[in-house]
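Asker: You'll find start03.csv just under this line, and it carries CSV, C-alpha atoms and all ligand atoms.
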chain,number,residue,atom,x,y,z
A,1,MET,CA,67.9,90.2,16.0
A,2,THR,CA,69.8,87.1,17.0
A,3,SER,CA,67.1,85.0,18.5
A,4,SER,CA,66.2,81.5,17.5
A,5,SER,CA,63.4,79.2,18.6
A,6,THR,CA,63.3,75.5,18.6
A,7,SER,CA,60.2,73.4,18.6
A,8,THR,CA,59.0,69.8,17.9
A,9,SER,CA,56.2,68.2,15.9
A,10,ALA,CA,55.4,65.3,18.3
A,11,GLY,CA,56.3,63.4,21.4
A,12,ASN,CA,59.0,60.8,21.5
A,13,ASN,CA,58.5,57.1,20.6
A,14,LYS,CA,61.4,54.7,20.3
A,15,ASP,CA,60.3,53.6,16.8
A,16,THR,CA,59.8,57.1,15.5
A,17,GLN,CA,62.5,58.7,13.3
A,18,GLN,CA,63.9,61.9,14.7
A,19,HIS,CA,64.8,64.7,12.3
A,20,HIS,CA,65.8,68.3,12.7
A,21,LEU,CA,65.0,71.1,10.3
A,22,TYR,CA,66.5,74.6,10.2
A,23,VAL,CA,64.0,77.2,9.1
A,24,LEU,CA,66.0,80.2,8.1
A,25,TYR,CA,64.9,83.8,7.3
A,26,GLY,CA,66.2,87.2,6.3
A,27,SER,CA,63.7,90.0,6.8
A,28,GLN,CA,63.9,93.8,6.8
A,29,THR,CA,60.3,94.6,7.8
A,30,GLY,CA,59.2,91.3,9.4
A,31,ASN,CA,57.3,89.6,6.5
A,32,SER,CA,59.7,86.8,5.9
A,33,GLU,CA,60.3,86.3,9.6
A,34,GLN,CA,56.5,86.0,10.1
A,35,ALA,CA,56.3,83.5,7.3
A,36,ALA,CA,59.1,81.4,8.8
A,37,GLU,CA,57.4,81.4,12.2
A,38,ASP,CA,54.0,80.5,10.7
A,39,PHE,CA,55.7,77.7,8.8
A,40,CYS,CA,57.1,76.2,12.0
A,41,ARG,CA,53.8,76.5,13.8
A,42,GLN,CA,52.0,74.8,10.9
A,43,LEU,CA,54.7,72.1,10.7
A,44,ARG,CA,54.0,71.1,14.3
A,45,GLN,CA,50.3,70.5,13.4
A,46,LYS,CA,50.9,69.0,10.0
A,47,TYR,CA,53.6,66.5,11.0
A,48,LYS,CA,52.2,65.7,14.4
A,49,ILE,CA,51.9,62.0,15.2
A,50,ASN,CA,48.4,61.1,16.4
A,51,LYS,CA,47.8,58.2,18.7
A,52,ASP,CA,46.0,55.5,16.7
A,53,ASN,CA,42.3,56.0,16.6
A,54,ASP,CA,42.4,58.6,19.3
A,55,ASN,CA,39.9,61.3,18.2
A,56,SER,CA,39.1,62.4,21.7
A,57,ASN,CA,41.5,65.3,21.7
A,58,ASN,CA,39.9,67.4,19.0
A,59,ASP,CA,41.9,70.4,17.8
A,60,ASP,CA,40.3,73.2,15.9
A,61,ASP,CA,42.0,72.4,12.6
A,62,ASP,CA,41.5,70.0,9.8
A,63,HIS,CA,44.6,67.9,10.5
A,64,ASN,CA,43.2,66.1,13.5
A,65,THR,CA,42.5,62.8,11.8
A,66,SER,CA,43.2,59.4,13.3
A,67,SER,CA,45.8,58.7,10.7
A,68,SER,CA,48.9,61.0,10.8
A,69,PHE,CA,50.2,62.8,7.7
A,70,TRP,CA,53.0,60.1,7.6
A,71,LYS,CA,50.6,57.2,7.5
A,72,GLN,CA,48.4,58.9,4.9
A,73,HIS,CA,51.4,59.2,2.6
A,74,ASN,CA,52.8,55.8,3.5
A,75,LEU,CA,56.0,57.3,5.0
A,76,PRO,CA,57.7,56.3,8.2
A,77,GLU,CA,56.5,58.4,11.1
A,78,CYS,CA,58.8,61.2,12.0
A,79,ASN,CA,59.3,63.5,14.9
A,80,VAL,CA,60.5,66.7,13.3
A,81,THR,CA,62.1,69.4,15.4
A,82,THR,CA,62.6,72.9,14.0
A,83,THR,CA,64.9,75.8,14.7
A,84,CYS,CA,63.7,79.1,13.3
A,85,ILE,CA,66.7,81.4,13.0
A,86,GLN,CA,68.1,84.3,10.9
A,87,LEU,CA,70.3,83.3,8.0
A,88,ASP,CA,73.4,84.9,9.3
A,89,ASP,CA,72.8,83.6,12.8
A,90,PHE,CA,72.7,80.1,11.3
A,91,LEU,CA,76.2,80.8,10.0
A,92,GLU,CA,77.6,82.7,13.0
A,93,LEU,CA,75.9,81.2,16.1
A,94,LYS,CA,75.1,77.7,14.7
A,95,GLN,CA,78.3,77.6,12.7
A,96,ALA,CA,76.5,76.3,9.6
A,97,GLN,CA,75.4,73.0,11.2
A,98,PHE,CA,73.9,71.2,8.2
A,99,ASP,CA,73.2,68.1,10.3
A,100,GLY,CA,69.5,67.9,9.4
A,101,ARG,CA,70.0,67.4,5.7
A,102,CYS,CA,67.1,69.8,4.9
A,103,ILE,CA,66.8,73.6,5.2
A,104,VAL,CA,63.8,75.8,4.4
A,105,ILE,CA,64.4,79.6,3.7
A,106,PHE,CA,62.1,82.6,3.7
A,107,VAL,CA,63.9,85.7,2.5
A,108,SER,CA,63.2,89.0,0.9
A,109,SER,CA,65.1,91.5,-1.3
A,110,TYR,CA,66.0,94.9,-0.1
A,111,GLY,CA,68.0,98.0,-1.2
A,112,VAL,CA,68.7,97.4,-4.9
A,113,GLY,CA,68.3,93.6,-5.0
A,114,GLN,CA,70.4,93.2,-1.9
A,115,ALA,CA,69.9,91.1,1.2
A,116,PRO,CA,67.7,92.3,4.0
A,117,LEU,CA,68.8,92.5,7.7
A,118,GLY,CA,70.4,89.4,9.1
A,119,ALA,CA,71.2,87.9,5.7
A,120,TYR,CA,74.2,89.9,4.4
A,121,ARG,CA,76.8,87.2,5.2
A,122,PHE,CA,74.6,84.4,3.7
A,123,ARG,CA,74.2,86.5,0.5
A,124,SER,CA,78.0,86.9,0.2
A,125,LEU,CA,78.3,83.1,0.7
A,126,ALA,CA,75.7,82.7,-2.1
A,127,ASP,CA,77.6,85.1,-4.4
A,128,ALA,CA,80.8,83.2,-3.7
A,129,LEU,CA,79.2,79.8,-4.4
A,130,ILE,CA,77.9,81.0,-7.8
A,131,LEU,CA,81.3,82.4,-8.7
A,132,LEU,CA,83.0,79.2,-7.7
A,133,LYS,CA,80.6,77.2,-9.9
A,134,LYS,CA,81.2,79.7,-12.8
A,135,THR,CA,85.0,79.3,-12.4
A,136,MET,CA,84.6,75.5,-12.5
A,137,ASP,CA,82.4,75.7,-15.6
A,138,ASP,CA,84.9,78.0,-17.4
A,139,GLU,CA,87.8,75.7,-16.6
A,140,LYS,CA,85.9,72.7,-18.1
A,141,GLN,CA,86.8,71.4,-21.6
A,142,PRO,CA,84.3,72.6,-24.3
A,143,SER,CA,83.6,68.9,-25.2
A,144,THR,CA,82.3,68.2,-21.6
A,145,SER,CA,80.7,71.6,-20.9
A,146,SER,CA,77.2,70.2,-21.5
A,147,SER,CA,77.4,67.9,-18.5
A,148,LEU,CA,76.3,69.9,-15.4
A,149,THR,CA,78.9,70.2,-12.6
A,150,ASN,CA,78.5,71.7,-9.2
A,151,THR,CA,81.0,72.6,-6.5
A,152,GLY,CA,79.7,69.6,-4.6
A,153,ILE,CA,79.8,71.3,-1.2
A,154,TYR,CA,76.1,70.7,-0.5
A,155,ASN,CA,75.6,67.4,-2.3
A,156,GLY,CA,72.9,65.6,-0.4
A,157,LEU,CA,71.4,68.7,1.2
A,158,TYR,CA,67.7,69.4,0.4
A,159,TYR,CA,66.4,72.9,0.4
A,160,ALA,CA,63.5,75.2,-0.6
A,161,VAL,CA,63.5,79.0,-0.8
A,162,CYS,CA,60.4,81.2,-0.6
A,163,GLY,CA,61.2,84.6,-1.9
A,164,LEU,CA,59.4,87.8,-0.9
A,165,GLY,CA,59.7,90.9,-3.0
A,166,ASP,CA,57.9,93.6,-4.9
A,167,SER,CA,57.5,93.5,-8.7
A,168,THR,CA,57.6,97.3,-9.0
A,169,TYR,CA,61.4,97.0,-8.3
A,170,PRO,CA,63.6,96.3,-11.4
A,171,THR,CA,65.6,94.0,-9.0
A,172,TYR,CA,62.5,91.9,-8.2
A,173,LEU,CA,63.4,88.9,-6.1
A,174,LYS,CA,67.1,89.3,-6.9
A,175,ASN,CA,68.3,88.2,-3.4
A,176,PRO,CA,66.1,85.1,-3.1
A,177,THR,CA,66.9,84.1,-6.7
A,178,THR,CA,70.6,84.4,-6.0
A,179,ILE,CA,70.4,82.2,-2.8
A,180,ASP,CA,68.2,79.6,-4.6
A,181,ARG,CA,70.7,79.4,-7.5
A,182,ALA,CA,73.7,79.3,-5.2
A,183,LEU,CA,72.5,76.3,-3.3
A,184,GLU,CA,71.8,74.5,-6.5
A,185,ALA,CA,75.2,75.5,-7.8
A,186,ALA,CA,76.7,74.0,-4.7
A,187,GLY,CA,75.0,70.6,-5.3
A,188,ALA,CA,71.9,70.9,-3.0
A,189,THR,CA,68.6,69.4,-4.2
A,190,ARG,CA,65.7,71.8,-4.6
A,191,MET,CA,62.6,70.4,-3.0
A,192,GLN,CA,60.3,72.7,-4.9
A,193,PRO,CA,60.6,75.8,-7.2
A,194,LEU,CA,61.5,79.2,-5.7
A,195,GLY,CA,58.4,80.8,-4.1
A,196,LYS,CA,57.6,84.2,-5.7
A,197,ALA,CA,55.5,86.2,-3.2
A,198,ASP,CA,54.9,89.7,-4.6
A,199,ALA,CA,54.0,92.5,-2.2
A,200,HIS,CA,52.5,94.4,-5.1
A,201,GLN,CA,49.8,91.8,-5.9
A,202,MET,CA,46.3,91.6,-4.5
A,203,GLY,CA,43.5,89.0,-4.2
A,204,GLU,CA,44.5,85.4,-4.9
A,205,GLN,CA,48.0,86.5,-5.9
A,206,ALA,CA,48.5,88.6,-2.7
A,207,GLN,CA,51.8,87.9,-0.9
A,208,ASP,CA,50.4,86.0,2.1
A,209,LYS,CA,48.2,83.8,-0.1
A,210,VAL,CA,51.2,82.9,-2.4
A,211,ILE,CA,53.3,82.1,0.7
A,212,GLN,CA,50.6,79.8,2.1
A,213,ARG,CA,50.2,77.9,-1.2
A,214,TRP,CA,54.0,77.5,-1.4
A,215,ILE,CA,54.0,76.1,2.2
A,216,ASP,CA,51.1,73.7,1.4
A,217,ASP,CA,52.9,72.4,-1.6
A,218,LEU,CA,56.1,71.8,0.4
A,219,TRP,CA,54.7,69.4,3.1
A,220,LEU,CA,55.0,66.3,0.9
A,221,PRO,CA,58.3,66.8,-0.8
A,222,LEU,CA,59.8,67.9,2.6
A,223,ALA,CA,58.4,64.8,4.3
A,224,LYS,CA,59.9,62.6,1.6
A,225,ALA,CA,63.2,64.4,1.8
A,226,LEU,CA,63.3,64.0,5.6
A,227,THR,CA,62.6,60.3,5.4
A,228,THR,CA,64.6,59.3,2.4
A,229,PRO,CA,67.8,57.4,3.5
A,230,PRO,CA,70.8,59.3,2.2
A,231,PRO,CA,73.3,57.5,0.0
A,232,PRO,CA,76.7,56.8,1.6
A,233,PRO,CA,78.6,60.0,2.4
A,234,THR,CA,81.8,61.2,0.8
A,235,THR,CA,84.3,63.7,2.1
A,236,THR,CA,85.7,64.7,-1.3
A,237,THR,CA,84.5,67.2,-3.9
A,238,ASN,CA,87.1,66.1,-6.5
A,239,ASP,CA,84.7,64.0,-8.6
A,240,ASN,CA,81.6,66.1,-8.8
A,241,ASP,CA,80.0,64.0,-11.5
A,242,LYS,CA,79.7,61.2,-9.0
A,243,LYS,CA,77.3,63.3,-6.9
A,244,GLY,CA,78.2,61.6,-3.7
A,245,VAL,CA,76.5,62.9,-0.6
A,246,MET,CA,78.7,65.2,1.4
A,247,ASP,CA,79.0,64.4,5.1
A,248,ALA,CA,77.3,67.1,7.2
A,249,LYS,CA,80.5,67.9,9.1
A,250,GLU,CA,82.3,68.3,5.8
A,251,MET,CA,79.5,70.7,4.5
A,252,GLN,CA,80.0,72.7,7.7
A,253,ARG,CA,83.8,72.7,7.5
A,254,GLN,CA,83.9,73.8,3.9
A,255,THR,CA,81.2,76.5,4.5
A,256,LEU,CA,83.2,77.9,7.4
A,257,GLN,CA,86.4,77.9,5.4
A,258,LEU,CA,84.7,79.8,2.6
A,259,LEU,CA,83.3,82.3,5.1
A,260,LYS,CA,86.7,82.8,6.6
A,261,ARG,CA,88.1,83.5,3.2
A,262,LEU,CA,85.4,86.0,2.5
A,263,ASP,CA,85.9,87.7,5.8
A,264,PRO,CA,89.1,87.1,7.8
A,265,ASP,CA,87.3,88.4,10.9
A,266,PHE,CA,84.7,85.6,10.7
A,267,LYS,CA,84.9,83.6,14.0
A,268,ILE,CA,85.1,79.8,13.8
A,269,THR,CA,84.7,78.2,17.2
A,270,ALA,CA,87.4,75.7,18.1
A,271,SER,CA,85.1,72.7,18.3
A,272,VAL,CA,84.1,73.0,14.6
A,273,GLY,CA,87.4,74.3,13.2
A,274,ASP,CA,89.3,73.0,10.2
A,275,ASN,CA,90.0,69.3,10.8
A,276,ASN,CA,93.3,69.6,8.9
A,277,ASN,CA,94.4,72.5,11.0
A,278,ASN,CA,96.8,71.1,13.6
A,279,ASN,CA,97.0,74.5,15.3
A,280,ASN,CA,93.6,73.8,16.9
A,281,LEU,CA,94.7,72.5,20.3
A,282,ASN,CA,91.8,71.4,22.4
A,283,GLY,CA,91.6,71.4,26.2
A,284,THR,CA,92.5,67.8,26.6
A,285,THR,CA,95.7,68.1,24.5
A,286,ILE,CA,96.8,71.1,26.5
A,287,LEU,CA,96.3,69.2,29.8
A,288,ILE,CA,98.2,66.1,28.6
A,289,ALA,CA,101.1,68.3,27.4
A,290,MET,CA,101.2,70.1,30.8
A,291,ALA,CA,101.2,66.8,32.7
A,292,ILE,CA,104.1,65.5,30.6
A,293,LEU,CA,106.1,68.7,31.2
A,294,VAL,CA,105.5,68.4,35.0
A,295,ALA,CA,106.6,64.8,35.0
A,296,ILE,CA,109.8,65.6,33.1
A,297,VAL,CA,110.7,68.4,35.5
A,298,ALA,CA,110.1,66.1,38.5
A,299,VAL,CA,112.4,63.4,37.0
A,300,LEU,CA,115.1,66.0,36.3
A,301,LEU,CA,114.9,67.4,39.8
A,302,GLY,CA,114.9,63.8,41.4
A,303,THR,CA,117.9,62.7,39.5
A,304,GLY,CA,119.9,65.9,40.2
A,305,VAL,CA,120.2,66.9,36.6
A,306,ILE,CA,118.6,70.1,37.7
A,307,PRO,CA,120.0,71.1,41.2
A,308,LEU,CA,117.4,72.0,43.8
A,309,PRO,CA,117.9,75.6,45.0
A,310,THR,CA,119.8,75.6,48.3
A,311,SER,CA,118.3,77.6,51.2
A,312,THR,CA,120.6,80.2,52.7
A,313,SER,CA,120.0,80.9,56.4
A,314,PRO,CA,120.2,84.5,57.6
A,315,SER,CA,123.5,85.3,59.3
A,401,LIG,C1,63.4,100.3,0.5
A,401,LIG,C2,62.9,99.1,-0.1
A,401,LIG,C3,63.7,98.4,-1.1
A,401,LIG,C4,63.2,97.2,-1.7
A,401,LIG,N1,63.9,96.6,-2.6
A,401,LIG,C5,63.4,95.5,-3.3
A,401,LIG,C6,64.1,94.9,-4.3
A,401,LIG,O1,65.2,95.3,-4.7
A,401,LIG,N2,63.6,93.8,-4.9
A,401,LIG,C7,62.4,93.3,-4.6
A,401,LIG,O2,61.9,92.3,-5.1
A,401,LIG,N3,61.7,93.9,-3.5
A,401,LIG,C8,62.2,94.9,-2.9
A,401,LIG,N4,61.5,95.5,-1.9
A,401,LIG,C9,60.2,94.9,-1.4
A,401,LIG,C10,60.3,94.0,-0.2
A,401,LIG,O3,61.2,92.9,-0.5
A,401,LIG,C11,59.0,93.5,0.1
A,401,LIG,O4,58.2,94.5,0.7
A,401,LIG,C12,59.0,92.3,1.1
A,401,LIG,O5,57.7,91.9,1.4
A,401,LIG,C13,59.7,92.7,2.4
A,401,LIG,O6,59.8,91.5,3.2
A,401,LIG,P1,60.6,91.5,4.6
A,401,LIG,O7,59.7,92.3,5.5
A,401,LIG,O8,60.7,90.1,5.0
A,401,LIG,O9,61.9,92.2,4.4
A,401,LIG,C14,61.9,96.7,-1.3
A,401,LIG,C15,61.2,97.4,-0.3
A,401,LIG,C16,61.7,98.5,0.2
A,401,LIG,C17,60.8,99.3,1.3
In structure tokens, what does this structure look like?

Answerer:
Amino acid sequence: MTSSSTSTSAGNNKDTQQHHLYVLYGSQTGNSEQAAEDFCRQLRQKYKINKDNDNSNNDDDDHNTSSSFWKQHNLPECNVTTTCIQLDDFLELKQAQFDGRCIVIFVSSYGVGQAPLGAYRFRSLADALILLKKTMDDEKQPSTSSSLTNTGIYNGLYYAVCGLGDSTYPTYLKNPTTIDRALEAAGATRMQPLGKADAHQMGEQAQDKVIQRWIDDLWLPLAKALTTPPPPPTTTTNDNDKKGVMDAKEMQRQTLQLLKRLDPDFKITASVGDNNNNNNLNGTTILIAMAILVAIVAVLLGTGVIPLPTSTSPS
């Protein structure tokens, strides 16, 4: 499936902050996809901005108080839009646009601890990020090995992963665990611990109940992450210990570069291509080059440097 849906938590007001959240999923039999969609639907209710003291429009849930979630928690009011999309579609169709500073992931394990449908590419990205981190750690001097380093690609990105699996498999939650660790290894900040929703459990520990509790626990850390002003951005990963925030465009560029290295067939659209790659001619550059060429030919013809073809009349 390659569909995505975008929705918003509230109407627009000029004083209201605007934030965008990608809700990503990888799902073989639909459980993670359902959880992601439920999350987006609940977010619209939870984060909605109520008009002050307007209780006339009573909804059938417990969130319809005169004070919004934001006010209750003393946070600046936010209009949060979400895009619910498969993990690999985020990389391929959205070209890894990390512009919202936050991502929330619902993903299962399939096969033997492998990725489910629509998450293979994201999993290979995760494996590569972990390998990159390991290589960096191995190269570090023993005297400094105690200080944590990361690849720095996702410094400044907030994330949370809810994993779905089945504890009867020896590879229980292997895929969500790998993705969770990879994002941390790349410098992203975990908003809350990995969710462990086990299809084998019943009662209070049943998969859907665990997912709902994980979602309920996320509202506040997510709201804080969305409204915390980011430190000044950096475009370098050289000094990882500085933990400077990576510019979103740079996160995107480095992710796409890595994906291209993992799979040379991976398509990077021209508009988000490698900034350092001068082979990326855009439409304007080509038009200007053509205009200059036409002007040069006109001058050469006008000055007689290039003779005009003489017409021969039929005898
Ligand atoms: C063929 C098959 C393989 C599975 N492999 C794993 C596995 O390796 N690790 C795990 O934790 N769960 C495994 N599961 C359980 C699923 O992850 C679990 O049912 C989950 O709820 C599916 O969510 P989804 O519909 O979003 O894919 C497997 C299930 C099936 C049917």

Asker: Report as a short mmCIF file (atom, residue, chain, number, x, y, z; two decimals) with C-alpha atoms, in the frame of the given file which protein, DNA and RNA residues come within 7 Å of ligand LIG 401 (chain A), using only C-alpha atoms and all ligand atoms.

Answerer:
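Just written: result.cif:
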data_model
loop_
_atom_site.label_atom_id
_atom_site.label_comp_id
_atom_site.auth_asym_id
_atom_site.auth_seq_id
_atom_site.Cartn_x
_atom_site.Cartn_y
_atom_site.Cartn_z
CA GLY A 26 66.20 87.20 6.30
CA SER A 27 63.70 90.00 6.80
CA GLN A 28 63.90 93.80 6.80
CA THR A 29 60.30 94.60 7.80
CA GLY A 30 59.20 91.30 9.40
CA ASN A 31 57.30 89.60 6.50
CA SER A 32 59.70 86.80 5.90
CA GLU A 33 60.30 86.30 9.60
CA VAL A 107 63.90 85.70 2.50
CA SER A 108 63.20 89.00 0.90
CA SER A 109 65.10 91.50 -1.30
CA TYR A 110 66.00 94.90 -0.10
CA GLY A 111 68.00 98.00 -1.20
CA VAL A 112 68.70 97.40 -4.90
CA GLY A 113 68.30 93.60 -5.00
CA GLN A 114 70.40 93.20 -1.90
CA PRO A 116 67.70 92.30 4.00
CA LEU A 164 59.40 87.80 -0.90
CA GLY A 165 59.70 90.90 -3.00
CA ASP A 166 57.90 93.60 -4.90
CA SER A 167 57.50 93.50 -8.70
CA TYR A 169 61.40 97.00 -8.30
CA PRO A 170 63.60 96.30 -11.40
CA THR A 171 65.60 94.00 -9.00
CA TYR A 172 62.50 91.90 -8.20
CA LEU A 173 63.40 88.90 -6.10
CA LYS A 174 67.10 89.30 -6.90
CA ASP A 198 54.90 89.70 -4.60
CA ALA A 199 54.00 92.50 -2.20
#

Asker: Between A:Ile103, A:Leu93, A:Cys84, A:Ile179, which has the minimum distance to Ala115 of chain A (counting all atoms listed in the file)?

Answerer: A:Ile179

Asker: Quick one, how far is atom CA of Gln205 of chain A from atom CA of Pro193 of chain A?

Answerer: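 According to the coordinates, atom CA of Gln205 of chain A and atom CA of Pro193 of chain A are separated by 16.6 Å.
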
Asker: Extract, using only C-alpha atoms, all DNA, RNA and protein residues at most 12 Å from Lys260 of chain A, discarding same-chain residues fewer than 4 positions from it, and format them as a count of residues only.

Answerer: 19

Asker: For Lys133 of chain A, which residue among A:Leu218, A:Val297, A:Ala182, A:Ala36 is the nearest when counting all atoms listed in the file?

Answerer: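 That would be A:Ala182, the residue with the smallest distance to Lys133 of chain A.
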
Asker: Enter the distance from atom CA of Thr8 of chain A to atom CA of Phe106 of chain A, in Å, rounded to one decimal.

Answerer: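 Computing the Euclidean distance for atom CA of Thr8 of chain A and atom CA of Phe106 of chain A yields 19.4 Å.
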
Asker: Quick check, in Å to one decimal: how far apart do atom CA of Leu75 of chain A and atom CA of Leu157 of chain A lie?

Answerer: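 Separating atom CA of Leu75 of chain A from atom CA of Leu157 of chain A is a distance of 19.5 Å.
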
Asker: Would you pick out the contacts of segment 209-211 of chain A at 8 Å or less, using only C-alpha atoms, so that residues sharing its chain but fewer than 3 positions from it are not included, and give the list as a PyMOL selection string?

Answerer: chain A and resi 35+162+195-197+204-206+214-215

Asker: Could you take the residues named above and write them with C-alpha atoms, as a PDB file, keeping the file's coordinate frame?

Answerer:
ATOM      1  CA  ALA A  35      56.300  83.500   7.300  1.00  0.00           C
ATOM      2  CA  CYS A 162      60.400  81.200  -0.600  1.00  0.00           C
ATOM      3  CA  GLY A 195      58.400  80.800  -4.100  1.00  0.00           C
ATOM      4  CA  LYS A 196      57.600  84.200  -5.700  1.00  0.00           C
ATOM      5  CA  ALA A 197      55.500  86.200  -3.200  1.00  0.00           C
ATOM      6  CA  GLU A 204      44.500  85.400  -4.900  1.00  0.00           C
ATOM      7  CA  GLN A 205      48.000  86.500  -5.900  1.00  0.00           C
ATOM      8  CA  ALA A 206      48.500  88.600  -2.700  1.00  0.00           C
ATOM      9  CA  TRP A 214      54.000  77.500  -1.400  1.00  0.00           C
ATOM     10  CA  ILE A 215      54.000  76.100   2.200  1.00  0.00           C
TER      11      ILE A 215
END

Asker: Which residue, A:Leu131, A:Leu194, A:Met202, A:Leu226, has the smallest gap to Thr81 of chain A when you use all atoms listed in the file?

Answerer: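 Using all atoms listed in the file, the shortest distance to Thr81 of chain A belongs to A:Leu226.
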
Asker: Between A:Ala223, A:Ile105, A:Leu258, A:Ile306, which one has atoms that come closest to Gly163 of chain A, using only C-alpha atoms?

Answerer: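 Nearest to Gly163 of chain A: A:Ile105.
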
Asker: So that I can check the surroundings of Thr228 of chain A, please list as a list in words every protein, DNA and RNA residue that reaches within 12 Å of it, counting all atoms listed in the file and ignoring chain neighbours fewer than 2 positions away.

Answerer: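 Listing them by chain and then by number gives Gln17, His19, Leu75, Pro76, Glu77, Cys78, Arg101, Cys102, Gly156, Leu157, Tyr158, Leu220, Pro221, Leu222, Ala223, Lys224, Ala225, Leu226, Pro230 and Pro231 of chain A.
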
Asker: Just write the chosen residues, C-alpha atoms, as a PDB file, in the frame of the given file.

Answerer:
ATOM      1  CA  GLN A  17      62.500  58.700  13.300  1.00  0.00           C
ATOM      2  CA  HIS A  19      64.800  64.700  12.300  1.00  0.00           C
ATOM      3  CA  LEU A  75      56.000  57.300   5.000  1.00  0.00           C
ATOM      4  CA  PRO A  76      57.700  56.300   8.200  1.00  0.00           C
ATOM      5  CA  GLU A  77      56.500  58.400  11.100  1.00  0.00           C
ATOM      6  CA  CYS A  78      58.800  61.200  12.000  1.00  0.00           C
ATOM      7  CA  ARG A 101      70.000  67.400   5.700  1.00  0.00           C
ATOM      8  CA  CYS A 102      67.100  69.800   4.900  1.00  0.00           C
ATOM      9  CA  GLY A 156      72.900  65.600  -0.400  1.00  0.00           C
ATOM     10  CA  LEU A 157      71.400  68.700   1.200  1.00  0.00           C
ATOM     11  CA  TYR A 158      67.700  69.400   0.400  1.00  0.00           C
ATOM     12  CA  LEU A 220      55.000  66.300   0.900  1.00  0.00           C
ATOM     13  CA  PRO A 221      58.300  66.800  -0.800  1.00  0.00           C
ATOM     14  CA  LEU A 222      59.800  67.900   2.600  1.00  0.00           C
ATOM     15  CA  ALA A 223      58.400  64.800   4.300  1.00  0.00           C
ATOM     16  CA  LYS A 224      59.900  62.600   1.600  1.00  0.00           C
ATOM     17  CA  ALA A 225      63.200  64.400   1.800  1.00  0.00           C
ATOM     18  CA  LEU A 226      63.300  64.000   5.600  1.00  0.00           C
ATOM     19  CA  PRO A 230      70.800  59.300   2.200  1.00  0.00           C
ATOM     20  CA  PRO A 231      73.300  57.500   0.000  1.00  0.00           C
TER      21      PRO A 231
END

Asker: Using only C-alpha atoms for the distances, tell me which of A:Ala160, A:Thr177, A:Arg41, A:Asp216 is nearest to Arg190 of chain A.

Answerer: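 That would be A:Ala160, the residue with the smallest distance to Arg190 of chain A.
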
Asker: Just the residues within 10 Å of Asp99 of chain A, please, counting only C-alpha atoms, with nothing from its chain fewer than 4 positions along; format it as a count of residues only.

Answerer: 11

Asker: For Gln212 of chain A, which residue among A:Gln257, A:Asn50, A:Asn74, A:Gln42 is the nearest when counting all atoms listed in the file?

Answerer: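 Looking at the shortest contact to Gln212 of chain A, the residue is A:Gln42.
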
Asker: Can you tell me, as a list in words, what residues are no more than 10 Å from Arg44 of chain A when counting only C-alpha atoms, ignoring any on the same chain fewer than 4 positions away?

Answerer: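 The residues satisfying every condition are Ser7, Thr8, Ser9, Ala10, Phe39, Cys40, Lys48, Ile49, Asn79, Val80, Thr81 and Thr82 of chain A.
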